[in-house]
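What follows is one structure encoded as structure tokens, with my remarks underneath.
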Amino acid sequence: MNLPFTKHTLDNGLDVLLHEDHACPIVAVNLWYHVGSKNERPGHTGFAHLFEHLMFEGSQHHDRGFFQPLQGAGATLNGSTNADRTNYWEVVPTGALELALWMESDRMGYLLPALTEAKFSNQRDVVLNERRQNYENRPYGLAPMALLAALFPPDHPYHWTTIGEIADLEAVGLEEVHAFFRRYYHPGNASIALAGDIDADGALALVDAHFGEIERGADVEPVRVSATLPGDVRIRFEDRVELPRLYLAWLSPAMFAEGDADLDLATDLLANGKTSRLYRRLVFEERMATDVSAAQNSREIAGYAQITATAAPGHTLGEIEGVILDEIVRLTSEGPTDGEIERGRIQAESQFVFRLQTVGGFGGKSDQLNAYNVFKGDPAYFQRDLERYQVVTAESLRLAVARYLDPGRRVTLSIVPRDRIALAAPDSTPAVVS
Amino acid sequence: MTIDRGRLPQPGPTRPFAFPAIDKSTLPNGLRVWTVRHTQVPIVAFMLLVRRGASSDPPGKDGLAAVSADMLDEGSGDRSAIDMHEALARLGAQFDTDIGSDATVASVTVLSRFADRALGLLSDIVVRPAMREEDFLRVRQLRLHRLTQIRDMPGAVADRAFLKLLYGPHPYGHSPIGNEASLAAMHVDDVRAFHEQTIRPSVATLLAVGECQHDAIVQLVTDCLGAWTGACDGDVVPTQTLPRGPRLSIVPRPKAPQSELRIGQVSVGRDTPDYHALLVANTILGGQFVSRINLNLREDKGLTYGARTAFEFRRMPGPFVLQASVQTSGTASAIGESIGEIAGIRGARPVTADELSLGVAALTRGYARSFETADQIARAVMQLALYDLPDDYFAQFVPRVECVTADEVSRVMTRHLDPDRLTTLVVGDVDTIGQDLGRLGLGDPVVLPPDAF
């Protein structure tokens, strides 16, 4: 199983990845900039994402909305920002490839002349509404803020969420946009992948013709900060919710680092799906929780593993915490069963095959090629990525759990209904959320 | 090659695309077996569609169809719920059940080497569920907890309240999850009886899309589901008249930073001859990023992260709904603008030639993109089975949409939308916005208690 491609680097440093798939008369254009909220500084949070919005407001040679010509050509398109990268993509009918490249290259090369104060303030309002919709006005919506702030110290760029703090978003000015664009939005800090109904040689010539003229900027220095937790950090937060929810989180390996795949499988067997150990105990048998889930959130320079459970009425988060720790201790001492390892392996294989179904969009083949290229410097990493899961053994998984899911070094966050502090895990102090 | 930055490149012609060919058989028990060969990736997607959903909930038993669907994967024969999921997990399967107004769908996607075992499990799940009382009690309890939780979710509160306002006691007037009273009164025998009456081969279609052969699938389905029998009750026929409620209602959410908005009315069913024209009209009005309403509320006024409209086409007349979360201070303004846009497209501000060509192109030029993955194809083909659409439906889609004219857009929007009958619902901070809402000319807002649904 593999994801074939060719890679070229233009003179200005732009990486070009090409993958042919002629099943459908469509082409995915996927462009990554290696910048995210990790590149922000305290007091200036939320900027990388706000900037992503400005990329859709027109550029020098097309000073109108970015969506219109592309939707009129039958494209679907979007963009997203996370801690480590910003991506932009279009899926276009084959005949509109040139249009997509023209549009993407114009905003890479010529964004600033079209950027006005009016556009800037409009998109700031939109982003503040995005924050209200997805965080402030949503039950448990502020949990990521509280969790990340407790896991990572204030000078660590994973301390804040990508959406940013309200005060920072309100304070930011148009001049910052210029500096940010020059520093991060240039071919040397970007990678473009084309997947679909293309002829690789012709597509490369088209990319070169559109992007080759854009000047390379200065190299971006990698961000290097480390984090440690002092002990069991126990915090709570009162929210407009009916049922209390417990979050346990640990610092864990970065993406692709040793232990990352083990923890991926460990969090699955602990708490994902009806076959998981914690679902069986908390939801199925003892019925003290309404749901439970877990994830190894691996990012570029660090990761955090997380287990989340919502208490059923009549139960406290302290009870749930006890069961979760009990299962972690049991996994640490006994390890997983052979059946669990086999199940994890086959699920990984299936997931990787499912990922080969679509050329574009979030998680499609073009997005995966860019992820491997930007984070590993190796777009051919698909096969080796799968192998990481296939070499996990009961013992390597047990060791990873023992090393990283340390009950003595974690964040324990309780979100409880207002004025129901007694439901929180014991010894919690109020969290500061901004 | 040099690039002319003076003008945008014009898109070239679209390469012809062969839509999926569907092989069809019907088993002696009435079960339809439809397959599509799609061999890009070595997987098979199975979907078992049963044309009975939440609109089949008996009076006073809102939520029964959904609980019944939830009970499907709770074990079969000697297998417990956990055993069943263990079996699925060992195939690396993606399994899902989905309940809508008109249908219940169970689906499983697997690597093709596991196709026969996956179909066996899917058959046990849908046709031979154990329906044990202890499992029912647990599943019902989880649903009651869910009802408790969604009281804090403005979108879910709005959706439930809005259906009630539009439809009242009509079979579409409740969301599939039901309500506390109906769930509390439910018994496992209700679930068993409902399954017996509705999950029947005469209203079911088994779809298989992927690396598969029609004859082999038919044989496999015959082995797994050939013995499935029983007639089904007739189609749902509503006898109730639609309510004529207040034009403007609000569910209080004190100190909410945003208002959750729904504006709409009962409109039209999937069988309308105006379907393609309505799709075009809605695309222009609120169906895409560059729609009138999104450009107005988001890109011009910055009041929201996004606003959209849709005709929810169903077997009976479905709702037309505008939905948006808008900042609290802009609630009344957003409502006024939205209603103005809905009224405008009916004739006062007819669609321009540019808007029409963009709307048509957005629907047609990218149409092939909806047929890329096995799941996408299965969902597209499922629409044919659910709404009795002809085999050449996909091939006819683009020409039909391309025929739509600006006059037709005005005509169908005038026929199927009536600004005087629009119902507006806000979930938001009544203390802050109550006065503004009163000045919209929609009458005084009726305050609905949060637990009224």
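Going through the structure tokens in order, the chains are called A, B, and so on, while each chain numbers its residues from 1 and the ligands are numbered from 1 in the order shown.
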Run DSSP on the backbone and tell me which residues of range 58-168 of chain B come out as strand (DSSP E); list them as number ranges by chain. B: 75-76, 79-80, 94-99, 104-111
Please give the complete set of residues from range 19-166 of chain A that DSSP, run on the backbone, assigns to alpha helix (DSSP H), formatted as a ChimeraX atom specification. /A:47-54,67-72,97-109,117-131,143-151,166
Close residues, Ala204 in chain B itself excluded, 9 Å, only C-alpha atoms, min 5 positions apart in chain, as a PDB file with N, CA and C atoms, in the first residue's frame:
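Final file, around-v2.pdb:
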```pdb
ATOM      1  N   GLY B  30     -38.566  -9.489  -1.408  1.00  0.00           N
ATOM      2  CA  GLY B  30     -38.820  -8.076  -1.682  1.00  0.00           C
ATOM      3  C   GLY B  30     -37.620  -7.171  -1.459  1.00  0.00           C
ATOM      4  N   LEU B  31     -36.590  -7.703  -0.829  1.00  0.00           N
ATOM      5  CA  LEU B  31     -35.402  -6.878  -0.583  1.00  0.00           C
ATOM      6  C   LEU B  31     -34.712  -6.537  -1.902  1.00  0.00           C
ATOM      7  N   ARG B  32     -34.465  -5.258  -2.094  1.00  0.00           N
ATOM      8  CA  ARG B  32     -33.745  -4.833  -3.296  1.00  0.00           C
ATOM      9  C   ARG B  32     -32.246  -4.869  -3.018  1.00  0.00           C
ATOM     10  N   VAL B  33     -31.487  -5.376  -3.962  1.00  0.00           N
ATOM     11  CA  VAL B  33     -30.031  -5.441  -3.818  1.00  0.00           C
ATOM     12  C   VAL B  33     -29.424  -4.666  -4.976  1.00  0.00           C
ATOM     13  N   LEU B  48     -27.557  -0.480   4.425  1.00  0.00           N
ATOM     14  CA  LEU B  48     -28.896  -1.076   4.433  1.00  0.00           C
ATOM     15  C   LEU B  48     -29.889   0.034   4.774  1.00  0.00           C
ATOM     16  N   LEU B  49     -30.651   0.391   3.743  1.00  0.00           N
ATOM     17  CA  LEU B  49     -31.625   1.478   3.890  1.00  0.00           C
ATOM     18  C   LEU B  49     -33.005   0.882   4.158  1.00  0.00           C
ATOM     19  N   VAL B  50     -33.664   1.379   5.184  1.00  0.00           N
ATOM     20  CA  VAL B  50     -35.055   0.993   5.448  1.00  0.00           C
ATOM     21  C   VAL B  50     -35.876   2.273   5.427  1.00  0.00           C
ATOM     22  N   ARG B  51     -36.906   2.269   4.584  1.00  0.00           N
ATOM     23  CA  ARG B  51     -37.642   3.521   4.394  1.00  0.00           C
ATOM     24  C   ARG B  51     -38.659   3.758   5.507  1.00  0.00           C
ATOM     25  N   ARG B  52     -38.206   3.682   6.701  1.00  0.00           N
ATOM     26  CA  ARG B  52     -39.026   4.048   7.852  1.00  0.00           C
ATOM     27  C   ARG B  52     -38.109   4.765   8.848  1.00  0.00           C
ATOM     28  N   ILE B 199     -38.921  -2.636  10.232  1.00  0.00           N
ATOM     29  CA  ILE B 199     -37.667  -3.083   9.626  1.00  0.00           C
ATOM     30  C   ILE B 199     -37.956  -4.347   8.831  1.00  0.00           C
ATOM     31  N   ALA B 385     -33.020   5.318  -4.142  1.00  0.00           N
ATOM     32  CA  ALA B 385     -33.860   4.312  -3.499  1.00  0.00           C
ATOM     33  C   ALA B 385     -34.867   4.955  -2.547  1.00  0.00           C
TER      34      ALA B 385
END
```
Contact set, chain A to chain B: 6 Å, only C-alpha atoms, as a ChimeraX atom specification: /A:71-72,74-75,93,95-96,99,122,125-126,129-130,209,241-242,275,343,346-347,350,357
Restricting it to C-alpha atoms, dump the selection as a PDB file, in the first residue's frame.
```pdb
ATOM      1  CA  GLN A  71     -17.286  28.408  -6.865  1.00  0.00           C
ATOM      2  CA  GLY A  72     -18.349  29.619 -10.294  1.00  0.00           C
ATOM      3  CA  GLY A  74     -17.429  24.273  -9.747  1.00  0.00           C
ATOM      4  CA  ALA A  75     -14.771  24.201  -7.051  1.00  0.00           C
ATOM      5  CA  PRO A  93     -12.857  20.293 -12.204  1.00  0.00           C
ATOM      6  CA  GLY A  95     -10.353  22.393 -16.602  1.00  0.00           C
ATOM      7  CA  ALA A  96     -10.133  24.871 -13.736  1.00  0.00           C
ATOM      8  CA  LEU A  99      -7.639  29.205 -12.290  1.00  0.00           C
ATOM      9  CA  ASN A 122     -14.710  42.936   9.094  1.00  0.00           C
ATOM     10  CA  ASP A 125     -15.579  40.649  13.716  1.00  0.00           C
ATOM     11  CA  VAL A 126     -16.147  37.358  11.869  1.00  0.00           C
ATOM     12  CA  ASN A 129     -18.115  35.459  16.102  1.00  0.00           C
ATOM     13  CA  GLU A 130     -16.388  32.200  15.240  1.00  0.00           C
ATOM     14  CA  ALA A 209       4.707  29.432 -14.268  1.00  0.00           C
ATOM     15  CA  VAL A 241     -23.674  22.691  31.483  1.00  0.00           C
ATOM     16  CA  GLU A 242     -25.998  20.115  33.008  1.00  0.00           C
ATOM     17  CA  THR A 275     -14.911  -2.299  22.910  1.00  0.00           C
ATOM     18  CA  ARG A 343      -7.402  -5.258  16.736  1.00  0.00           C
ATOM     19  CA  ILE A 346      -6.141  -4.140  11.667  1.00  0.00           C
ATOM     20  CA  GLN A 347      -7.879  -0.889  12.506  1.00  0.00           C
ATOM     21  CA  SER A 350      -8.133  -0.082   7.484  1.00  0.00           C
ATOM     22  CA  GLN A 357     -10.100   7.309  -1.162  1.00  0.00           C
TER      23      GLN A 357
END
```
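Atom pair CA of Asn12 in chain A / CA of Glu98 in chain A has a distance of 19.9 Å (rounded to one decimal).
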If we count only C-alpha atoms, what is near Glu312 in chain B at a cut-off of 10 Å, once residues fewer than 5 positions away on the same chain are taken out, given as a PyMOL selection string? chain B and resi 266-270+317-321
Shell of 8 Å around range 251-257 of chain A, only C-alpha atoms, local chain residues under 3 positions omitted, as number ranges by chain: A: 151, 227-229, 260-261, 296, 298-305, 385, 404, 410
Only C-alpha atoms, please: the residues just picked out, written as a PDB file, in the first residue's frame.
```pdb
ATOM      1  CA  LEU A 151      -0.424  21.693  30.398  1.00  0.00           C
ATOM      2  CA  ALA A 227       7.468  21.695  28.852  1.00  0.00           C
ATOM      3  CA  THR A 228       7.239  19.665  32.028  1.00  0.00           C
ATOM      4  CA  LEU A 229       4.430  19.317  34.507  1.00  0.00           C
ATOM      5  CA  ASP A 260       3.446   8.373  19.664  1.00  0.00           C
ATOM      6  CA  ALA A 261       1.963   5.368  17.846  1.00  0.00           C
ATOM      7  CA  GLN A 296      -3.111  11.173  21.718  1.00  0.00           C
ATOM      8  CA  SER A 298       0.478  14.753  18.805  1.00  0.00           C
ATOM      9  CA  ARG A 299       1.771  18.042  17.483  1.00  0.00           C
ATOM     10  CA  GLU A 300       5.004  19.129  15.891  1.00  0.00           C
ATOM     11  CA  ILE A 301       7.047  19.905  19.009  1.00  0.00           C
ATOM     12  CA  ALA A 302       5.084  18.144  21.760  1.00  0.00           C
ATOM     13  CA  GLY A 303       1.939  16.182  22.335  1.00  0.00           C
ATOM     14  CA  TYR A 304      -0.694  15.680  24.951  1.00  0.00           C
ATOM     15  CA  ALA A 305      -2.748  12.614  25.657  1.00  0.00           C
ATOM     16  CA  ASP A 385       3.667   5.851   9.076  1.00  0.00           C
ATOM     17  CA  TYR A 404       3.684   8.915  29.813  1.00  0.00           C
ATOM     18  CA  ARG A 410      -0.918  15.312  34.806  1.00  0.00           C
TER      19      ARG A 410
END
```
